[in-house]
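Data block for input-v1.cif (mmCIF, C-alpha atoms):
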```cif
data_start
#
loop_
_atom_site.label_atom_id
_atom_site.label_comp_id
_atom_site.auth_asym_id
_atom_site.auth_seq_id
_atom_site.Cartn_x
_atom_site.Cartn_y
_atom_site.Cartn_z
CA MET A 18 70.36 -33.34 119.65
CA PRO A 19 73.70 -31.93 118.54
CA ALA A 20 73.57 -33.52 115.06
CA LYS A 21 73.38 -30.80 112.43
CA ALA A 22 73.43 -32.85 109.24
CA THR A 23 69.95 -34.35 109.37
CA GLY A 24 68.09 -31.62 107.48
CA ALA A 25 66.27 -32.44 104.24
CA GLY A 26 68.57 -32.34 101.25
CA ALA A 27 71.73 -32.29 103.31
CA SER A 28 72.77 -35.65 101.93
CA SER A 29 72.64 -34.54 98.29
CA SER A 30 76.30 -33.48 98.17
CA SER A 31 79.10 -36.00 97.99
CA ALA A 32 80.96 -34.53 100.96
CA THR A 33 81.09 -36.76 103.99
CA ILE A 34 79.43 -35.23 106.96
CA GLU A 35 80.63 -36.12 110.39
CA VAL A 36 77.87 -36.64 112.88
CA PRO A 37 79.22 -36.69 116.39
CA ALA A 38 78.00 -39.52 118.56
CA PRO A 39 75.61 -38.28 121.25
CA ARG A 40 77.07 -37.89 124.68
CA ARG A 41 76.08 -40.72 126.97
CA SER A 42 74.46 -38.29 129.38
CA VAL A 43 71.93 -37.16 126.78
CA ILE A 44 70.88 -40.62 125.57
CA PRO A 45 67.39 -41.25 126.94
CA GLY A 46 66.83 -44.52 128.70
CA GLY A 47 64.56 -46.85 126.77
CA THR A 48 62.64 -44.29 124.82
CA LEU A 49 63.35 -41.14 122.85
CA TYR A 50 60.40 -39.39 124.44
CA ARG A 51 60.95 -39.34 128.14
CA GLY A 52 61.63 -36.80 130.78
CA ASN A 53 62.18 -33.05 130.52
CA GLU A 54 59.76 -30.16 130.06
CA GLY A 55 58.05 -31.51 126.94
CA MET A 56 56.91 -34.70 128.65
CA TRP A 57 55.92 -33.16 131.96
CA SER A 58 53.85 -30.40 130.38
CA TRP A 59 52.09 -33.11 128.34
CA VAL A 60 51.49 -35.32 131.39
CA LEU A 61 50.16 -32.41 133.45
CA HIS A 62 47.95 -31.28 130.56
CA ARG A 63 46.33 -34.74 130.41
CA ILE A 64 45.88 -35.14 134.16
CA THR A 65 44.43 -31.65 134.63
CA GLY A 66 42.23 -32.11 131.55
CA ILE A 67 40.71 -35.35 132.84
CA ALA A 68 40.11 -33.86 136.30
CA ILE A 69 38.45 -30.75 134.85
CA TYR A 70 36.29 -32.90 132.54
CA PHE A 71 34.82 -34.93 135.40
CA PHE A 72 34.24 -31.79 137.48
CA LEU A 73 32.46 -30.25 134.48
CA LEU A 74 30.04 -33.20 134.31
CA VAL A 75 29.19 -32.76 137.99
CA HIS A 76 29.04 -28.97 137.70
CA ILE A 77 26.50 -29.05 134.85
CA LEU A 78 24.31 -31.40 136.90
CA ASP A 79 24.52 -29.36 140.12
CA THR A 80 23.76 -26.11 138.29
CA ALA A 81 20.79 -27.79 136.57
CA LEU A 82 19.18 -27.96 140.04
CA ILE A 83 18.29 -24.25 139.71
CA ARG A 84 15.50 -25.55 137.46
CA VAL A 85 14.27 -27.95 140.18
CA SER A 86 13.84 -25.66 143.19
CA PRO A 87 15.74 -23.00 145.17
CA GLU A 88 15.93 -25.44 148.10
CA ALA A 89 17.49 -28.25 146.05
CA TYR A 90 20.11 -25.93 144.56
CA ASN A 91 21.01 -24.34 147.91
CA ILE A 92 21.45 -27.73 149.59
CA VAL A 93 23.85 -28.96 146.91
CA ILE A 94 25.77 -25.71 146.55
CA GLY A 95 26.11 -25.73 150.34
CA ALA A 96 28.29 -28.80 149.95
CA TYR A 97 30.75 -26.66 147.96
CA LYS A 98 31.20 -24.30 150.91
CA THR A 99 32.76 -26.81 153.33
CA PRO A 100 36.50 -26.59 154.14
CA ILE A 101 37.36 -29.84 152.33
CA MET A 102 35.52 -28.77 149.17
CA GLY A 103 37.14 -25.36 149.55
CA LEU A 104 40.54 -27.01 149.23
CA GLY A 105 39.17 -29.01 146.30
CA GLU A 106 38.17 -25.75 144.60
CA LEU A 107 41.70 -24.48 145.11
CA ALA A 108 43.05 -27.61 143.39
CA LEU A 109 40.46 -27.22 140.62
CA VAL A 110 41.38 -23.59 139.98
CA GLY A 111 45.05 -24.60 139.97
CA ALA A 112 44.33 -27.34 137.44
CA ILE A 113 42.28 -25.00 135.23
CA GLY A 114 44.97 -22.30 135.44
CA PHE A 115 47.69 -24.71 134.35
CA HIS A 116 45.57 -26.28 131.59
CA ALA A 117 44.64 -22.83 130.25
CA LEU A 118 48.19 -21.43 130.24
CA ASN A 119 49.78 -24.60 128.90
CA GLY A 120 47.06 -24.74 126.24
CA LEU A 121 48.13 -21.28 125.08
CA ARG A 122 51.71 -22.56 125.06
CA ILE A 123 50.65 -25.49 122.84
CA ILE A 124 48.98 -23.04 120.44
CA LEU A 125 52.19 -20.99 120.30
CA VAL A 126 54.24 -24.15 119.63
CA ASP A 127 51.83 -24.99 116.79
CA PHE A 128 51.45 -21.59 115.15
CA TRP A 129 54.35 -19.39 116.20
CA GLY A 130 57.31 -19.71 113.84
CA VAL A 131 59.88 -20.17 116.58
CA GLY A 132 57.49 -21.83 119.04
CA THR A 133 59.17 -25.23 118.97
CA ARG A 134 62.55 -23.63 119.64
CA HIS A 135 61.25 -21.87 122.74
CA HIS A 136 58.87 -24.51 124.06
CA LYS A 137 60.97 -25.16 127.16
CA ALA A 138 61.30 -21.48 128.02
CA MET A 139 57.54 -21.11 127.48
CA PHE A 140 56.92 -24.00 129.90
CA TYR A 141 58.76 -22.08 132.62
CA GLY A 142 56.79 -19.01 131.57
CA VAL A 143 53.59 -21.01 132.08
CA LEU A 144 54.74 -22.07 135.56
CA GLY A 145 55.68 -18.47 136.40
CA VAL A 146 52.36 -16.93 135.31
CA TRP A 147 50.51 -19.81 136.99
CA LEU A 148 52.35 -19.09 140.25
CA VAL A 149 51.45 -15.40 140.07
CA LEU A 150 47.76 -16.22 139.44
CA MET A 151 47.70 -18.72 142.31
CA ILE A 152 49.38 -16.26 144.67
CA GLY A 153 46.57 -13.85 143.80
CA PHE A 154 43.77 -16.40 144.16
CA THR A 155 44.79 -18.65 147.04
CA PRO A 156 44.74 -16.24 150.01
CA ARG A 157 41.47 -14.69 148.89
CA HIS A 158 39.73 -18.03 148.39
CA LEU A 159 41.06 -19.48 151.66
CA MET A 160 39.75 -16.40 153.49
CA HIS A 161 36.34 -16.98 151.93
CA VAL A 162 36.36 -20.66 152.90
CA PHE A 163 37.87 -20.45 156.38
CA GLY A 164 36.66 -16.93 157.21
CA GLY A 165 39.20 -14.24 157.89
CA MET B 22 43.92 -55.86 106.35
CA THR B 23 46.03 -56.57 103.34
CA THR B 24 49.20 -58.55 103.78
CA ASP B 25 51.29 -57.23 100.90
CA MET B 26 52.09 -53.85 102.41
CA THR B 27 54.49 -51.58 100.63
CA LEU B 28 56.45 -48.76 102.15
CA ASP B 29 56.75 -45.42 100.40
CA ALA B 30 60.22 -44.09 99.72
CA PRO B 31 61.35 -41.47 102.25
CA ARG B 32 59.98 -37.97 101.63
CA THR B 33 57.23 -39.18 99.34
CA PRO B 34 54.49 -36.53 99.45
CA HIS B 35 51.53 -37.50 101.61
CA ALA B 36 48.83 -38.94 99.38
CA ARG B 37 45.26 -38.09 100.26
CA THR B 38 43.61 -41.45 100.72
CA LYS B 39 40.11 -40.33 101.59
CA ARG B 40 37.81 -37.74 100.13
CA GLY B 41 35.47 -35.67 102.26
CA ILE B 42 35.73 -33.72 105.45
CA ASN B 43 38.89 -34.27 107.49
CA TRP B 44 37.22 -34.53 110.91
CA GLU B 45 40.46 -35.05 112.79
CA LYS B 46 41.79 -31.79 111.38
CA TRP B 47 38.66 -29.90 112.36
CA GLY B 48 38.78 -31.48 115.82
CA TRP B 49 42.36 -30.28 116.15
CA ILE B 50 41.37 -26.77 115.08
CA TYR B 51 38.34 -26.83 117.40
CA MET B 52 40.54 -27.61 120.42
CA ARG B 53 42.66 -24.53 119.73
CA VAL B 54 39.86 -22.09 118.84
CA SER B 55 37.60 -23.16 121.71
CA GLY B 56 40.65 -23.27 124.00
CA VAL B 57 41.45 -19.60 123.47
CA LEU B 58 37.80 -18.61 124.00
CA LEU B 59 37.56 -20.81 127.11
CA VAL B 60 40.62 -19.20 128.69
CA VAL B 61 38.79 -15.86 128.55
CA LEU B 62 35.34 -17.19 129.48
CA ILE B 63 36.47 -19.46 132.34
CA PHE B 64 38.83 -16.91 133.86
CA GLY B 65 35.88 -14.48 133.83
CA HIS B 66 33.59 -17.15 135.30
CA LEU B 67 36.04 -17.93 138.11
CA PHE B 68 36.68 -14.26 138.82
CA VAL B 69 32.99 -13.35 139.11
CA ASN B 70 32.00 -16.41 141.13
CA LEU B 71 35.04 -16.97 143.38
CA MET B 72 36.95 -13.68 143.66
CA VAL B 73 34.40 -10.84 143.70
CA GLY B 74 32.64 -10.00 146.99
CA GLU B 75 32.35 -12.92 149.38
CA GLY B 76 33.39 -15.40 146.74
CA ILE B 77 31.90 -18.85 147.01
CA ASN B 78 29.88 -17.95 150.14
CA ARG B 79 27.78 -15.62 148.00
CA ILE B 80 26.64 -18.36 145.65
CA ASP B 81 23.08 -19.54 146.21
CA PHE B 82 19.85 -19.72 144.22
CA ALA B 83 19.17 -15.98 144.52
CA PHE B 84 22.69 -15.13 143.29
CA VAL B 85 22.46 -17.41 140.25
CA ALA B 86 18.93 -16.21 139.49
CA GLY B 87 20.14 -12.63 139.67
CA LYS B 88 22.83 -13.40 137.12
CA LEU B 89 20.56 -15.36 134.78
CA ALA B 90 17.91 -12.64 134.82
CA ASP B 91 20.37 -10.85 132.51
CA PRO B 92 20.52 -12.26 128.94
CA PHE B 93 24.27 -11.51 128.94
CA TRP B 94 24.90 -14.29 131.48
CA ILE B 95 22.56 -16.70 129.71
CA VAL B 96 24.60 -16.31 126.51
CA TYR B 97 27.83 -16.44 128.53
CA ASP B 98 26.84 -19.68 130.27
CA LEU B 99 25.53 -21.23 127.05
CA LEU B 100 28.90 -20.53 125.43
CA LEU B 101 30.70 -22.02 128.43
CA LEU B 102 28.49 -25.10 128.36
CA TRP B 103 28.90 -25.88 124.66
CA LEU B 104 32.53 -24.88 124.21
CA ALA B 105 33.81 -26.52 127.40
CA LEU B 106 31.85 -29.76 127.23
CA ILE B 107 32.71 -30.45 123.58
CA HIS B 108 36.34 -29.47 124.25
CA GLY B 109 36.44 -31.86 127.21
CA THR B 110 34.71 -34.69 125.38
CA ASN B 111 37.07 -34.42 122.42
CA GLY B 112 40.02 -34.44 124.81
CA MET B 113 38.68 -37.56 126.51
CA ARG B 114 38.23 -39.15 123.09
CA THR B 115 41.90 -38.49 122.35
CA ILE B 116 42.89 -40.09 125.65
CA VAL B 117 40.64 -43.11 125.03
CA ASN B 118 42.20 -43.52 121.58
CA ASP B 119 45.67 -43.37 123.13
CA TYR B 120 45.23 -45.86 125.94
CA VAL B 121 42.42 -48.25 125.01
CA ALA B 122 43.80 -50.87 122.65
CA ASN B 123 40.72 -53.10 122.62
CA ALA B 124 38.46 -51.98 119.76
CA ARG B 125 35.26 -53.09 121.51
CA VAL B 126 36.07 -51.29 124.76
CA ARG B 127 37.09 -48.23 122.77
CA ARG B 128 33.78 -48.23 120.95
CA ILE B 129 31.84 -48.55 124.20
CA LEU B 130 33.75 -45.62 125.71
CA HIS B 131 33.21 -43.50 122.59
CA ILE B 132 29.48 -44.16 122.76
CA ALA B 133 29.45 -43.37 126.50
CA LEU B 134 31.26 -40.08 125.87
CA LEU B 135 28.93 -39.14 123.03
CA ALA B 136 25.78 -40.07 124.94
CA SER B 137 26.73 -38.27 128.18
CA THR B 138 27.75 -35.19 126.23
CA ALA B 139 24.52 -35.11 124.22
CA VAL B 140 22.39 -35.54 127.38
CA LEU B 141 24.26 -32.81 129.28
CA LEU B 142 24.19 -30.38 126.34
CA VAL B 143 20.41 -30.79 126.01
CA LEU B 144 19.89 -30.61 129.78
CA GLY B 145 22.11 -27.56 130.24
CA THR B 146 20.64 -25.72 127.27
CA LEU B 147 17.08 -26.37 128.45
CA VAL B 148 17.91 -25.23 131.99
CA LEU B 149 19.52 -22.00 130.77
CA THR B 150 16.79 -21.15 128.24
CA THR B 151 13.72 -22.07 130.32
CA PHE B 152 14.94 -20.83 133.71
CA ASP B 153 12.56 -18.65 135.72
CA PRO B 154 14.45 -16.52 138.27
CA CYS B 155 11.26 -16.10 140.30
CA PRO B 156 9.54 -19.51 140.28
CA ALA B 157 5.89 -19.45 141.30
CA GLY B 158 5.33 -20.51 144.88
CA ALA B 159 8.98 -20.30 145.85
CA ASP B 160 10.03 -19.35 149.38
CA PRO B 161 10.50 -15.53 149.19
CA GLU B 162 13.53 -15.87 151.48
CA LEU B 163 15.38 -17.92 148.87
CA VAL B 164 14.79 -15.92 145.70
CA ALA B 165 16.36 -12.72 144.41
CA SER B 166 15.16 -9.40 145.90
CA PHE B 167 13.71 -8.25 142.58
CA CYS B 168 11.14 -11.07 142.78
CA GLU B 169 9.15 -9.13 145.41
CA ASP B 170 7.16 -7.31 142.73
CA ILE B 171 6.33 -10.51 140.91
CA LEU B 172 5.59 -13.09 143.57
#
```
Starting from the file, give its structure as structure tokens.
Amino acid sequence: MPAKATGAGASSSSATIEVPAPRRSVIPGGTLYRGNEGMWSWVLHRITGIAIYFFLLVHILDTALIRVSPEAYNIVIGAYKTPIMGLGELALVGAIGFHALNGLRIILVDFWGVGTRHHKAMFYGVLGVWLVLMIGFTPRHLMHVFGG
Amino acid sequence: MTTDMTLDAPRTPHARTKRGINWEKWGWIYMRVSGVLLVVLIFGHLFVNLMVGEGINRIDFAFVAGKLADPFWIVYDLLLLWLALIHGTNGMRTIVNDYVANARVRRILHIALLASTAVLLVLGTLVLTTFDPCPAGADPELVASFCEDIL
């Protein structure tokens, strides 16, 4: 927002302050909170969080099978080694990577003095670091899954 | 609900309406503290289980037993279990609060979240603390190599 006169106490003086009308191109449609980096990081954080939560429930149960018998655990963990599940693991690691990095970004927005000012730049930083991590992980995991 | 609501003047300092522990504040802090720890713990977990050696193909009963024979990994996995599951459940609670307008449905979902979390925390903790890497009578082909001396 280009308006500069909205700070606390700015209205105490008698001088008239001119607030320019926002350009039409920056007026959001319907809601003040729509579009741009802030919303998409929030949306992705929710979606990845929900996905990771439901995987965690399953993952605690499948690991609990080590207490049942070696056979039971090996049968279930075998299901994780199929090509389709291998791709699922790639998606899971991608989701965890984004959720982790964006979570650190949220902490910086909350606690770092200039965090709110740089939240957009930090979102692109998150995407950049995420891309580097995925470039490191993806070929290695796909080789494990598909053999190579 | 009272009908004669009054609005405070702008910039009136926030008045503390309730005494006692501010659970929402501590939940907010928990998400950030556990989040930082989980970044480290889960990246380590993924690296050891999916990147090192043959990655996922290496994971079987003998591999997990080999890890959990070391108290380091028991503590590591206990931390993962408690930090991650409570972090996830609190996140789901936030989402339920955001999207479920019906108070009865919201209450049912809160109870379901609490119950499933309690069951899984107890189950996971019992599994990790009572696990025997070399269970009696197990197929020697399926257990860790160090079980030879015991079985």
Discussion item. Could you list, as a VMD selection string, every residue within 10 Å of B:Ile63, counting only C-alpha atoms and ignoring same-chain residues fewer than 6 positions away?
Written reply: (chain A and resid 110 113 to 114 117) or (chain B and resid 69 97 to 98 101 105)
Discussion item. Neighbouring residues of B:Phe64 were defined as those with any atom within 12 Å, considering only C-alpha atoms; residues of the same chain fewer than 4 positions away were excluded. Please report them as number ranges by chain.
Written reply: A: 110-111, 113-118, 150, 154; B: 56-60, 68-72, 101
Practice prompt. Please determine the contact residues of chain B with respect to chain A at a cut-off of 9 Å, counting all atoms listed in the file, and supply them as a PyMOL selection string.
Written response: chain B and resi 32+53+56-57+59-60+63-64+67+71-72+75-78+80-83+85-86+102+105-106+108-110+112-113+116+137-138+141-142+144-145+148-149+151-154+156+159-160+163-164
Item to complete: Grab the atom CA of B:Asn123 to atom CA of B:Gly48 distance for me, in Å with one decimal place.
Response: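 One can read the atom CA of B:Asn123 to atom CA of B:Gly48 distance as 22.7 Å.
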Worksheet entry | Coordinates-based distance that separates atom CA of A:Met151 from atom CA of A:Leu104 (Å, one decimal) | 13.0 Å
Discussion item. For the PyMOL selection byres ((chain A and resi 131-145) around 8), applied here, can you spell out every residue it catches as a PyMOL selection string?
Written reply: chain A and resi 54-55+58+115+118-119+122+125-130+146-149
Padding of 4 Å on every side, edges along x, y and z, all listed atoms of stretch 161-166 of chain B included: what centre and edge lengths in Å, to one decimal, does that box have, as AutoDock Vina command-line options?
```
--center_x 13.4 --center_y -13.7 --center_z 147.9 --size_x 13.9 --size_y 16.5 --size_z 15.1
```
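Across the structure, atom CA of B:Ala133 and atom CA of B:Asn118 are spaced 13.7 Å apart.
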Worksheet entry | Nearest residue to A:Phe72 from the set A:Met56, A:Gly105, A:Pro39, A:Pro156 (distances using all atoms listed in the file) |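 Comparing A:Met56, A:Gly105, A:Pro39, A:Pro156 against A:Phe72, the winner is A:Gly105.
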